[in-house]
Amino acid sequence: MENIFDARGSIRYVLLIPIVIFTMICSPAVQTAEGISTTDYEMPVYDILLPESTQRYIGKLCEENRLSYELVLAIYQLEGAKDIKMNGIAAEIDKLVYIRNYWTEQGFPDEIVFDLMLLSRQRGIEGCRIFMKNSDVYYLDNYVQKVTQLKYYIEQSLDEPLSVIKKSNPCLKKG
């Protein structure tokens, strides 16, 4: 009987060795593939007023705060910002995040929070509340419309030649 158990034990080891070797060979490849997919993301750089380094800084902050990169670029582009300080960018993004979170906590859906965030940025939260009491069409506010349109055009500029985009949207023209 002991010989039967020894034979079964040695069969287990014979089968176990190839599994261990296979696991050792394949394991680093899986780790490498995972590392590549998460660390090699390239932030798009758009042909707008802001320099590439500023756009990358904005993109990094937006990613950390789960805020639309193109939205922040549209705000700066619309306002003609060229020489902005890095701490000013961080403060602006913190303000937008605070406003977004405020309206989200009030129970508004994301589509409406987007508009309320822009209105509140322009008018303050209390000014936005007053505006909402007096108007049911807050999404038609001129500032909200311009930023929304510019955000859309910036996003589309990766898919189309920028010269076509600039002809159709004067907000993207430099200077």
# chains A, B, ... in the order shown; residues from 1 in each chain; ligands from 1

$ residues_around --residues "A:Cys128" --least-positions-apart "3" --cutoff "12 Å" --atoms "only C-alpha atoms" --output "ChimeraX atom specification"
/A:99,103,113,115-125,131-136,138-139,141,144

$ residues_around --residues "A:Glu64" --least-positions-apart "6" --cutoff "12 Å" --atoms "only C-alpha atoms" --output "number ranges by chain"
A: 57-58, 90, 93-94, 97

$ write_last_selection --atoms "C-alpha atoms" --output "CSV table (one decimal), in the first residue's frame"
chain,number,residue,atom,x,y,z
A,57,TYR,CA,-0.8,70.7,-15.2
A,58,ILE,CA,-4.6,71.4,-15.6
A,90,ALA,CA,-5.2,74.9,-8.5
A,93,ILE,CA,-10.1,73.8,-9.9
A,94,ASP,CA,-10.7,73.6,-6.1
A,97,VAL,CA,-14.9,70.9,-7.4

$ residues_around --residues "A:Ser53" --least-positions-apart "3" --cutoff "12 Å" --atoms "only C-alpha atoms" --output "list in words"
Met43, Pro44, Val45, Tyr46, Leu49, Leu50, Arg56, Tyr57, Ile58, Gly59, Lys60, Asp83, Ile84, Lys85 and Met86 of chain A

$ write_last_selection --atoms "C-alpha atoms" --output "CSV table (one decimal), in the first residue's frame"
chain,number,residue,atom,x,y,z
A,43,MET,CA,-3.0,63.8,-21.9
A,44,PRO,CA,-4.2,65.6,-25.1
A,45,VAL,CA,-2.7,69.0,-25.8
A,46,TYR,CA,-5.0,71.3,-27.7
A,49,LEU,CA,-4.1,80.0,-25.9
A,50,LEU,CA,-2.6,78.0,-23.0
A,56,ARG,CA,-0.7,69.3,-18.7
A,57,TYR,CA,-0.8,70.7,-15.2
A,58,ILE,CA,-4.6,71.4,-15.6
A,59,GLY,CA,-5.1,67.9,-17.0
A,60,LYS,CA,-3.3,66.4,-14.0
A,83,ASP,CA,-0.4,83.9,-18.3
A,84,ILE,CA,-2.0,82.2,-15.4
A,85,LYS,CA,-0.1,81.1,-12.3
A,86,MET,CA,-0.1,77.5,-11.3

$ atom_distance --atom1 "atom CA of A:Lys82" --atom2 "atom CA of A:Gly127"
27.6 Å

$ atom_distance --atom1 "atom CA of A:Ser68" --atom2 "atom CA of A:Lys146"
15.8 Å

$ residues_around --residues "A:Thr148" --least-positions-apart "2" --cutoff "12 Å" --atoms "only C-alpha atoms" --output "number ranges by chain"
A: 68, 70-75, 77-78, 111, 114-115, 117-119, 139-146, 150-155, 171

$ write_last_selection --atoms "N, CA and C atoms" --output "PDB file, in the first residue's frame"
ATOM      1  N   SER A  68     -13.805  67.553 -15.603  1.00  0.00           N
ATOM      2  CA  SER A  68     -13.564  67.552 -17.038  1.00  0.00           C
ATOM      3  C   SER A  68     -12.411  68.485 -17.407  1.00  0.00           C
ATOM      4  N   GLU A  70     -11.436  69.262 -20.463  1.00  0.00           N
ATOM      5  CA  GLU A  70     -11.857  70.152 -21.538  1.00  0.00           C
ATOM      6  C   GLU A  70     -12.748  71.279 -21.016  1.00  0.00           C
ATOM      7  N   LEU A  71     -13.509  71.015 -19.952  1.00  0.00           N
ATOM      8  CA  LEU A  71     -14.326  72.072 -19.353  1.00  0.00           C
ATOM      9  C   LEU A  71     -13.431  73.182 -18.813  1.00  0.00           C
ATOM     10  N   VAL A  72     -12.407  72.829 -18.073  1.00  0.00           N
ATOM     11  CA  VAL A  72     -11.506  73.833 -17.500  1.00  0.00           C
ATOM     12  C   VAL A  72     -10.776  74.572 -18.620  1.00  0.00           C
ATOM     13  N   LEU A  73     -10.329  73.853 -19.647  1.00  0.00           N
ATOM     14  CA  LEU A  73      -9.683  74.509 -20.784  1.00  0.00           C
ATOM     15  C   LEU A  73     -10.642  75.488 -21.461  1.00  0.00           C
ATOM     16  N   ALA A  74     -11.905  75.086 -21.597  1.00  0.00           N
ATOM     17  CA  ALA A  74     -12.899  75.957 -22.239  1.00  0.00           C
ATOM     18  C   ALA A  74     -13.098  77.233 -21.425  1.00  0.00           C
ATOM     19  N   ILE A  75     -13.136  77.119 -20.121  1.00  0.00           N
ATOM     20  CA  ILE A  75     -13.306  78.299 -19.258  1.00  0.00           C
ATOM     21  C   ILE A  75     -12.134  79.256 -19.456  1.00  0.00           C
ATOM     22  N   GLN A  77     -10.007  79.383 -21.966  1.00  0.00           N
ATOM     23  CA  GLN A  77      -9.979  79.857 -23.352  1.00  0.00           C
ATOM     24  C   GLN A  77     -11.003  80.961 -23.561  1.00  0.00           C
ATOM     25  N   LEU A  78     -12.198  80.767 -23.070  1.00  0.00           N
ATOM     26  CA  LEU A  78     -13.260  81.760 -23.228  1.00  0.00           C
ATOM     27  C   LEU A  78     -12.879  83.082 -22.567  1.00  0.00           C
ATOM     28  N   GLU A 111     -26.164  66.197 -15.310  1.00  0.00           N
ATOM     29  CA  GLU A 111     -26.371  67.116 -16.433  1.00  0.00           C
ATOM     30  C   GLU A 111     -26.706  68.517 -15.928  1.00  0.00           C
ATOM     31  N   PHE A 114     -23.671  70.280 -14.045  1.00  0.00           N
ATOM     32  CA  PHE A 114     -22.745  70.923 -14.982  1.00  0.00           C
ATOM     33  C   PHE A 114     -23.141  72.378 -15.211  1.00  0.00           C
ATOM     34  N   ASP A 115     -24.415  72.608 -15.531  1.00  0.00           N
ATOM     35  CA  ASP A 115     -24.900  73.974 -15.775  1.00  0.00           C
ATOM     36  C   ASP A 115     -24.841  74.820 -14.505  1.00  0.00           C
ATOM     37  N   MET A 117     -22.905  74.439 -11.978  1.00  0.00           N
ATOM     38  CA  MET A 117     -21.504  74.697 -11.651  1.00  0.00           C
ATOM     39  C   MET A 117     -21.003  75.923 -12.416  1.00  0.00           C
ATOM     40  N   LEU A 118     -21.340  76.018 -13.690  1.00  0.00           N
ATOM     41  CA  LEU A 118     -20.912  77.166 -14.496  1.00  0.00           C
ATOM     42  C   LEU A 118     -21.607  78.447 -14.041  1.00  0.00           C
ATOM     43  N   LEU A 119     -22.908  78.354 -13.784  1.00  0.00           N
ATOM     44  CA  LEU A 119     -23.641  79.531 -13.289  1.00  0.00           C
ATOM     45  C   LEU A 119     -23.083  80.008 -11.953  1.00  0.00           C
ATOM     46  N   TYR A 139     -30.015  76.808 -18.171  1.00  0.00           N
ATOM     47  CA  TYR A 139     -29.076  76.226 -19.133  1.00  0.00           C
ATOM     48  C   TYR A 139     -28.944  77.082 -20.384  1.00  0.00           C
ATOM     49  N   LEU A 140     -29.847  78.040 -20.583  1.00  0.00           N
ATOM     50  CA  LEU A 140     -29.760  78.941 -21.722  1.00  0.00           C
ATOM     51  C   LEU A 140     -28.970  80.215 -21.406  1.00  0.00           C
ATOM     52  N   ASP A 141     -28.448  80.304 -20.193  1.00  0.00           N
ATOM     53  CA  ASP A 141     -27.611  81.443 -19.824  1.00  0.00           C
ATOM     54  C   ASP A 141     -26.467  81.568 -20.833  1.00  0.00           C
ATOM     55  N   ASN A 142     -26.153  82.792 -21.212  1.00  0.00           N
ATOM     56  CA  ASN A 142     -25.145  83.061 -22.232  1.00  0.00           C
ATOM     57  C   ASN A 142     -23.786  82.441 -21.871  1.00  0.00           C
ATOM     58  N   TYR A 143     -23.344  82.613 -20.642  1.00  0.00           N
ATOM     59  CA  TYR A 143     -22.052  82.077 -20.206  1.00  0.00           C
ATOM     60  C   TYR A 143     -22.059  80.546 -20.263  1.00  0.00           C
ATOM     61  N   VAL A 144     -23.111  79.935 -19.768  1.00  0.00           N
ATOM     62  CA  VAL A 144     -23.223  78.475 -19.782  1.00  0.00           C
ATOM     63  C   VAL A 144     -23.174  77.970 -21.221  1.00  0.00           C
ATOM     64  N   GLN A 145     -23.899  78.622 -22.117  1.00  0.00           N
ATOM     65  CA  GLN A 145     -23.917  78.218 -23.516  1.00  0.00           C
ATOM     66  C   GLN A 145     -22.536  78.334 -24.170  1.00  0.00           C
ATOM     67  N   LYS A 146     -21.855  79.448 -23.910  1.00  0.00           N
ATOM     68  CA  LYS A 146     -20.539  79.651 -24.523  1.00  0.00           C
ATOM     69  C   LYS A 146     -19.520  78.627 -24.036  1.00  0.00           C
ATOM     70  N   LEU A 150     -17.837  75.764 -26.369  1.00  0.00           N
ATOM     71  CA  LEU A 150     -16.384  75.731 -26.512  1.00  0.00           C
ATOM     72  C   LEU A 150     -15.801  74.407 -26.035  1.00  0.00           C
ATOM     73  N   LYS A 151     -16.342  73.864 -24.960  1.00  0.00           N
ATOM     74  CA  LYS A 151     -15.913  72.547 -24.475  1.00  0.00           C
ATOM     75  C   LYS A 151     -16.130  71.501 -25.566  1.00  0.00           C
ATOM     76  N   TYR A 152     -17.289  71.544 -26.193  1.00  0.00           N
ATOM     77  CA  TYR A 152     -17.601  70.611 -27.278  1.00  0.00           C
ATOM     78  C   TYR A 152     -16.600  70.755 -28.432  1.00  0.00           C
ATOM     79  N   TYR A 153     -16.318  71.995 -28.831  1.00  0.00           N
ATOM     80  CA  TYR A 153     -15.403  72.213 -29.946  1.00  0.00           C
ATOM     81  C   TYR A 153     -13.977  71.795 -29.613  1.00  0.00           C
ATOM     82  N   ILE A 154     -13.559  72.014 -28.379  1.00  0.00           N
ATOM     83  CA  ILE A 154     -12.228  71.572 -27.973  1.00  0.00           C
ATOM     84  C   ILE A 154     -12.153  70.049 -28.046  1.00  0.00           C
ATOM     85  N   GLU A 155     -13.169  69.366 -27.536  1.00  0.00           N
ATOM     86  CA  GLU A 155     -13.182  67.902 -27.595  1.00  0.00           C
ATOM     87  C   GLU A 155     -13.155  67.404 -29.040  1.00  0.00           C
ATOM     88  N   CYS A 171     -14.405  81.333 -31.053  1.00  0.00           N
ATOM     89  CA  CYS A 171     -13.836  81.313 -29.698  1.00  0.00           C
ATOM     90  C   CYS A 171     -12.487  80.625 -29.672  1.00  0.00           C
TER      91      CYS A 171
END

$ atom_distance --atom1 "atom CA of A:Ile112" --atom2 "atom CA of A:Arg66"
16.8 Å
